[in-house]
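Accompanying notes for the structure given below.
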Amino acid sequence: MINSALHPAQNSPRPPRRIAVLTSLLVATLMSGCSASANPAADPAAVPVSGGILDVSISAEPGCLDGHGISATQQQFLGRLIYDNVVTLDDDGEIAPYLAESWEISDDGKTYTFHLKEGVTFSDGSPWNAEVLGQNFEHMRDPATKSPLAAAYIAPYVDGTVIDEYTFEAHLEYAYTPFLYTLAQSWLGMNSGKAIEESPETLCQEPIGTGPFTVADYRPGQGISYTKREGYDWAPEWLEGDGEAYLDGVEVTLVSEPVIRHQSLVSGQYDLTENLAPQNAAAVQENPAFEYQNLIRGGSPNVLSFNLNRAPFDDLAVRQAFVAAVDTQAVAESLGFGTYSPTDSFLSTASKYYDPTVEGTLEYDLDRANELLDEAGWTERDSDGFRIKDGERLVIEVPTVESTTPSPLLVQLQGEARKAGFDLQIIQLPQAQLSELRYAGDYDALAGVWHTNTTDVLFIRYHSSEITGERIGQNSSYVDDPALDDLLRTAREADDGPIAEDAYSEVQHRLLDIVPGLPLYENHSQFAYSTAVQDVAVDTSHPVPVLTYAWKAE
Amino acid sequence: MHTVRRILLRLLVGVGVLWGAATMTFLAVYLIPGDTALLILGGPDARPTAETIAQVRSDYLLDEPFIVQYAGYLGNLFQGDLGQSYRLRIPVSEAIGQQIGATGMLAAAATVLALPLTFAVAVLSAQRSNWVRSLVSGVEVVLAATPTFIIGFALLIVFSFTLQWFPIGGDNGFSALVLPALTLALAVFGTLSQVFRNELEDVLEQPFILTARARGMRDLPVRVLHAVRHAAIPVMTLSGFVVASLLGGSVIVETLFSRQGIGALTLASVYNKDLPVIIGIVLLCAAVYVVVNLIIDLLYTLIDPKVVTA
C-alpha cells in the first residue's frame, strides 16, 4: 500500500475506541508521580465529570432527522445520539448485541429470530418490543417514508412474526448475510412504535428513539439541541459505560463554510467538529489543545467509475490505459493536503475481507498507458495533442454537480489524463439533471464514493442486478460479468467465515481484470475536538464520534 | 377617500404581481431539466425502491402534465396552502415561519446601522473640500463594488479570527448579530450614501438654502433642517434596492456566518430543487416589495405634499 503521506490516515481497519489525551496523561503523571508506563487509555486520574453541554459544529444538516427517511452522511453521527439499533458492531467489527440480546439464524439463512432486550423504553414512554421491531421494518419500506436507503438495505425482508413480547422472527426472501450489518447502521435506528403508528409524519422533525439523548429543539438549517435521556441504561457493551450519558446535552450547529468550522473550533466556540476540511488538518494536528482523528470509512473508496456500456470505455485496453495514465498518489496528495490515503483497490482497506494482495496491480505507468492506447488503435494525435481514431477524438465525458468552482478532483484528473492523450471533459449540471443522466447511463465516467459497513458494497456496486433498469441501482459502471455475479452471490449468502472470505478475495481480484473504474483514494472521516472533551468513542460501522459516555473536563 | 382608493388600487396591482411571480417561478423551476422525484429521494447516492419513487410522483403530482401541476398549485395557493417542502417534509408556511424571524432581525439590525451611517456621512461630507469628498466617495465605491462575501470575510478576519471581539458566526445573542448586520449595512451604505450626497449637493445649490444662510442660520442646521428633506425623496426611491440588498445579501451573510434565516433556507432549497419552498420564498419577497413600495408611496406625500402618485 502506498502511504507515505505527511499526515497519514490510520490505515488500520480497527480504529481505537478511546483516544489517548495528552493533557490527561500529563496530569496523571504529575499527580500520581508514577512513571511513563501509565496507560493513557485507562487513565485512573480521568474520572468522568457529569454535566455540561457539548457544542458541536456540523458541515451539513439533513433536513429530516428520521434515519429511515434520509441518506445524508451526517446521520452517521446524528443518529447515534438519539437512536439505538437492533445490533451493533463491536471493537473488532463483529456483530454484537444491542437492542437484541441474541438471535438465531436458520440453516437456510432466511429466518432470523431476535430475542430482544427487556425494559427498554422510547423517550415518549412507549416500550421496545417485538411488535415495535416489526413496525420499524414496515416504516422503513413504507413508500410514504420516502426512504432513499434503509428500504433498499432491508429489501429481502418479506414479513415478520411476533412470537412473544420480546421475540421476533424476520423472514427473508433469500439468504442475506449483510442483513445484521445493515441493522447496525445509523440510518436503521429504531423509532418509537407509538409514534410510527400515531404520527409518522412528525418523525422527521420530532424523531423519537431509545438513544442516550433526545431532540429538545430542532431548527432546520440552523441546529439541533439535544438533552440527556433520563434513565438511559442500555448502551452496547463496547462503549464500556453504564447508565445515562455524562453530558447534560449536545448543541449541534450547522457551520457550512470549512474555514469557519476550523476557526470557530480553534477559537473555542465549539468543542468538536464532525467534519474538518483536509486543508485545516495539519494546523489542528499541531495544536496541542485539540485531538484530531483521520479515519477511513468502509465500503467503496473514491473511484472514478467507467461506463462499460459505451465507447471508449467498453474497450478494456482503454480502461487499463486510463488507469495507468493517472498518478493517483499525486492526485490524493494534492487534494487531501497529505491527509488522504491513495488506493488501488475497489474495496476500502477498512472493510471486512479486504484483500491486501490486490495492491500494486493497477499502477501508474504512463509509458504503459501510451502503449495500450497505441495497440487499441488510438494512434494519431490531433493539433491539441489528444488522441484520435477514425477521425474521432478520445473524449471522456464526466458529468458532475454544478458549482462555482469545478470539482478539484476532476480538474486534476483532466490534467493527468491529458498526458496520455485523453480529452476528459467536465460537464457541470444541476443536481436533478445529474441524477437523471446517471440513471439513463448517459456518461463515460462518474466520480463517486459509497460508504457502508458491509463488504456487500461490492454487490451493490458491481453485481449485474444492481444495474439501473426498472429499479435504481448503484452499479454505475454497468459491470455485467457472470463469473463475478456468481462470486458476489456466494459471498452474500455465505455466513461470515472462510467461504465468504475466499469469495470476496476472488471478487477483488476479478475486479482488477475487469477494471470497472479508477480507484483514487480512501473515503476519510476527519474530525477534531478539544482535549477538554474526553472518552469520545468511535463507531466501527461508521468511523464517527459517539458521545454516549463522552464528558467535558472543567 | 382618495388615499383609500389609491391603497386599494395598489393592493390589487400587488396581487397581480404576486400571481406573476408565482407563475414565473413555477415555470422556471419546472423547466430546469431533471427528475424531481429522484432528487427528493436523495440524489445520485440513494437507492430508492420503485414503490418509493411511485409514491413520491403521485404525492407531488409529478407524473401529471404541466397544466395539472400548475392548476393544482394555484388552487392550493388561493386557499393559503403553499404546499409541503420536499426536503423538510413540513408545510412551506411552517418552513418559512421558522426562519423569517431571524432574517427580519438581521435586516432590521442592518437597517438600523445603515441609515444613520448614510445620513451622517452624506450630510457631513456634501460640498466639502475635494480631498474629503474623494476619500469618502472612494470608500463608498469600494464598499458598493465589493461582493458581500468579501466584506463579511474581511470583517471576520479582523474582528473574529484576529481580535476575537465577536463570535465566528452562530445565532447566539446580540454579539453574534453585530458582524452579519454590519456586513449587510456596509453593502447598502456605499450606494445609498453616494446617491444621498449627490442629491444634497444639488439641493445645497438651491436659492432657498442661500436664503436660509443669509438669515444667519449655521451650516449644520441648514443641512439637517432644510436640505435633508428635499434630498430624501430620491433616496427613498432606492428603498427597493435596499430591500433587495437585504434579502439577497442574507443568502450570503447567513451562509457565511452560519445563521438561521430565509437566506440559508433559500440556498438549501434551490440546491435541492425544493420547488414549493422556492416559490414560497419568491412570493414572500414579492409581497415584501409590494408592501414596501406602498409605504414609500404614502411617505412621498408625507414628505412632500406636492407629490401625488397614482
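Scheme for the C-alpha cells: letters A, B, ... for chains in order shown; per-chain residue numbers from 1; ligand numbers from 1 in order shown.
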**Study point:** chain B residues near chain A (9 Å cut-off, only C-alpha atoms) as a VMD selection string
**Key:** chain B and resid 32 to 56 59 87 to 90 95 98 to 99 160 to 161 164 167 to 171 255 to 261 264 to 265 268 271 to 273
Go ahead and write the selection's residues with C-alpha atoms as a JSON list (two decimals), in the first residue's frame.
```
[["chain", "number", "residue", "atom", "x", "y", "z"],
["B", 32, "ILE", "CA", -34.99, 23.04, -15.18],
["B", 33, "PRO", "CA", -34.28, 19.59, -16.52],
["B", 34, "GLY", "CA", -34.00, 16.68, -14.14],
["B", 35, "ASP", "CA", -36.28, 14.24, -12.40],
["B", 36, "THR", "CA", -37.66, 15.88, -9.28],
["B", 37, "ALA", "CA", -38.75, 12.56, -7.74],
["B", 38, "LEU", "CA", -35.19, 11.25, -7.78],
["B", 39, "LEU", "CA", -33.96, 14.50, -6.32],
["B", 40, "ILE", "CA", -36.46, 14.34, -3.46],
["B", 41, "LEU", "CA", -35.21, 10.85, -2.74],
["B", 42, "GLY", "CA", -31.64, 11.85, -2.10],
["B", 43, "GLY", "CA", -29.90, 12.33, -5.45],
["B", 44, "PRO", "CA", -27.27, 10.13, -7.02],
["B", 45, "ASP", "CA", -26.21, 8.22, -3.90],
["B", 46, "ALA", "CA", -29.62, 6.98, -2.88],
["B", 47, "ARG", "CA", -31.12, 3.58, -3.60],
["B", 48, "PRO", "CA", -34.86, 4.27, -3.56],
["B", 49, "THR", "CA", -37.15, 1.36, -4.34],
["B", 50, "ALA", "CA", -39.59, 1.55, -7.24],
["B", 51, "GLU", "CA", -42.57, 1.78, -4.84],
["B", 52, "THR", "CA", -40.99, 4.77, -3.12],
["B", 53, "ILE", "CA", -40.44, 6.60, -6.39],
["B", 54, "ALA", "CA", -44.03, 5.92, -7.46],
["B", 55, "GLN", "CA", -45.32, 7.24, -4.13],
["B", 56, "VAL", "CA", -43.33, 10.46, -4.48],
["B", 59, "ASP", "CA", -47.79, 12.68, -3.82],
["B", 87, "ARG", "CA", -36.80, 18.29, 1.67],
["B", 88, "LEU", "CA", -38.05, 19.21, 5.15],
["B", 89, "ARG", "CA", -41.36, 17.36, 4.81],
["B", 90, "ILE", "CA", -43.26, 20.09, 6.63],
["B", 95, "ALA", "CA", -40.61, 26.21, 6.99],
["B", 98, "GLN", "CA", -39.32, 29.08, 11.34],
["B", 99, "GLN", "CA", -36.81, 31.26, 9.53],
["B", 160, "SER", "CA", -13.33, 37.43, 14.93],
["B", 161, "PHE", "CA", -10.23, 35.50, 13.85],
["B", 164, "GLN", "CA", -11.70, 37.84, 18.77],
["B", 167, "PRO", "CA", -18.08, 35.05, 17.85],
["B", 168, "ILE", "CA", -17.40, 33.42, 14.47],
["B", 169, "GLY", "CA", -20.95, 33.09, 13.30],
["B", 170, "GLY", "CA", -23.79, 31.36, 15.05],
["B", 171, "ASP", "CA", -27.07, 32.60, 16.36],
["B", 255, "THR", "CA", -24.31, 31.08, 4.98],
["B", 256, "LEU", "CA", -21.03, 32.76, 5.84],
["B", 257, "PHE", "CA", -21.97, 33.42, 9.46],
["B", 258, "SER", "CA", -23.76, 30.07, 9.96],
["B", 259, "ARG", "CA", -27.03, 31.79, 10.79],
["B", 260, "GLN", "CA", -30.57, 30.60, 10.55],
["B", 261, "GLY", "CA", -32.84, 32.52, 8.17],
["B", 264, "ALA", "CA", -29.95, 29.96, 4.27],
["B", 265, "LEU", "CA", -33.32, 28.35, 3.53],
["B", 268, "ALA", "CA", -30.67, 24.93, 0.61],
["B", 271, "TYR", "CA", -29.73, 23.46, -4.27],
["B", 272, "ASN", "CA", -32.24, 20.69, -3.58],
["B", 273, "LYS", "CA", -34.78, 21.92, -6.14]]
```
**Study point:** Every residue of segment 392-461 of chain A that DSSP places in strand (DSSP E), as a ChimeraX atom specification
**Key:** /A:392-393,395-401,423-429,445-451
Practice item. Within 9 Å of segment 318-322 of chain A, counting only C-alpha atoms, which residues show up once you throw out same-chain ones fewer than 3 positions away? Write them as a ChimeraX atom specification, please. Key: /A:306,308,312-315,325-326,362,365-366,368-373,376,417,420,422,514-518
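Nearest residue to Gly231 of chain A among A:Glu291, A:Gly125, A:Leu99, A:Glu165 is A:Gly125, counting only C-alpha atoms.
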Point to revise | All residues 10 Å or closer to segment 71-82 of chain B, only C-alpha atoms, same chain fewer than 6 positions away omitted, as a VMD selection string | key: chain B and resid 19 22 to 23 26 60 to 61 91 to 94 276 to 277 279 to 280 283
**Study point:** Which of segment 276-474 of chain A fall in helix (DSSP H, G or I), as a PyMOL selection string
**Key:** chain A and resi 278-286+316-325+328-336+356-358+366-375+408-418+431-440+457-462+464-466
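In this comparison, which uses only C-alpha atoms, the residue of A:Asn191, A:Thr111, A:Ser102, A:Thr361 approaching Ser126 of chain A most closely is A:Asn191.
Minimum distance to Ile96 of chain B across B:Ile262, B:Leu115, B:Val282, B:Leu302 (counting only C-alpha atoms) occurs at B:Ile262.
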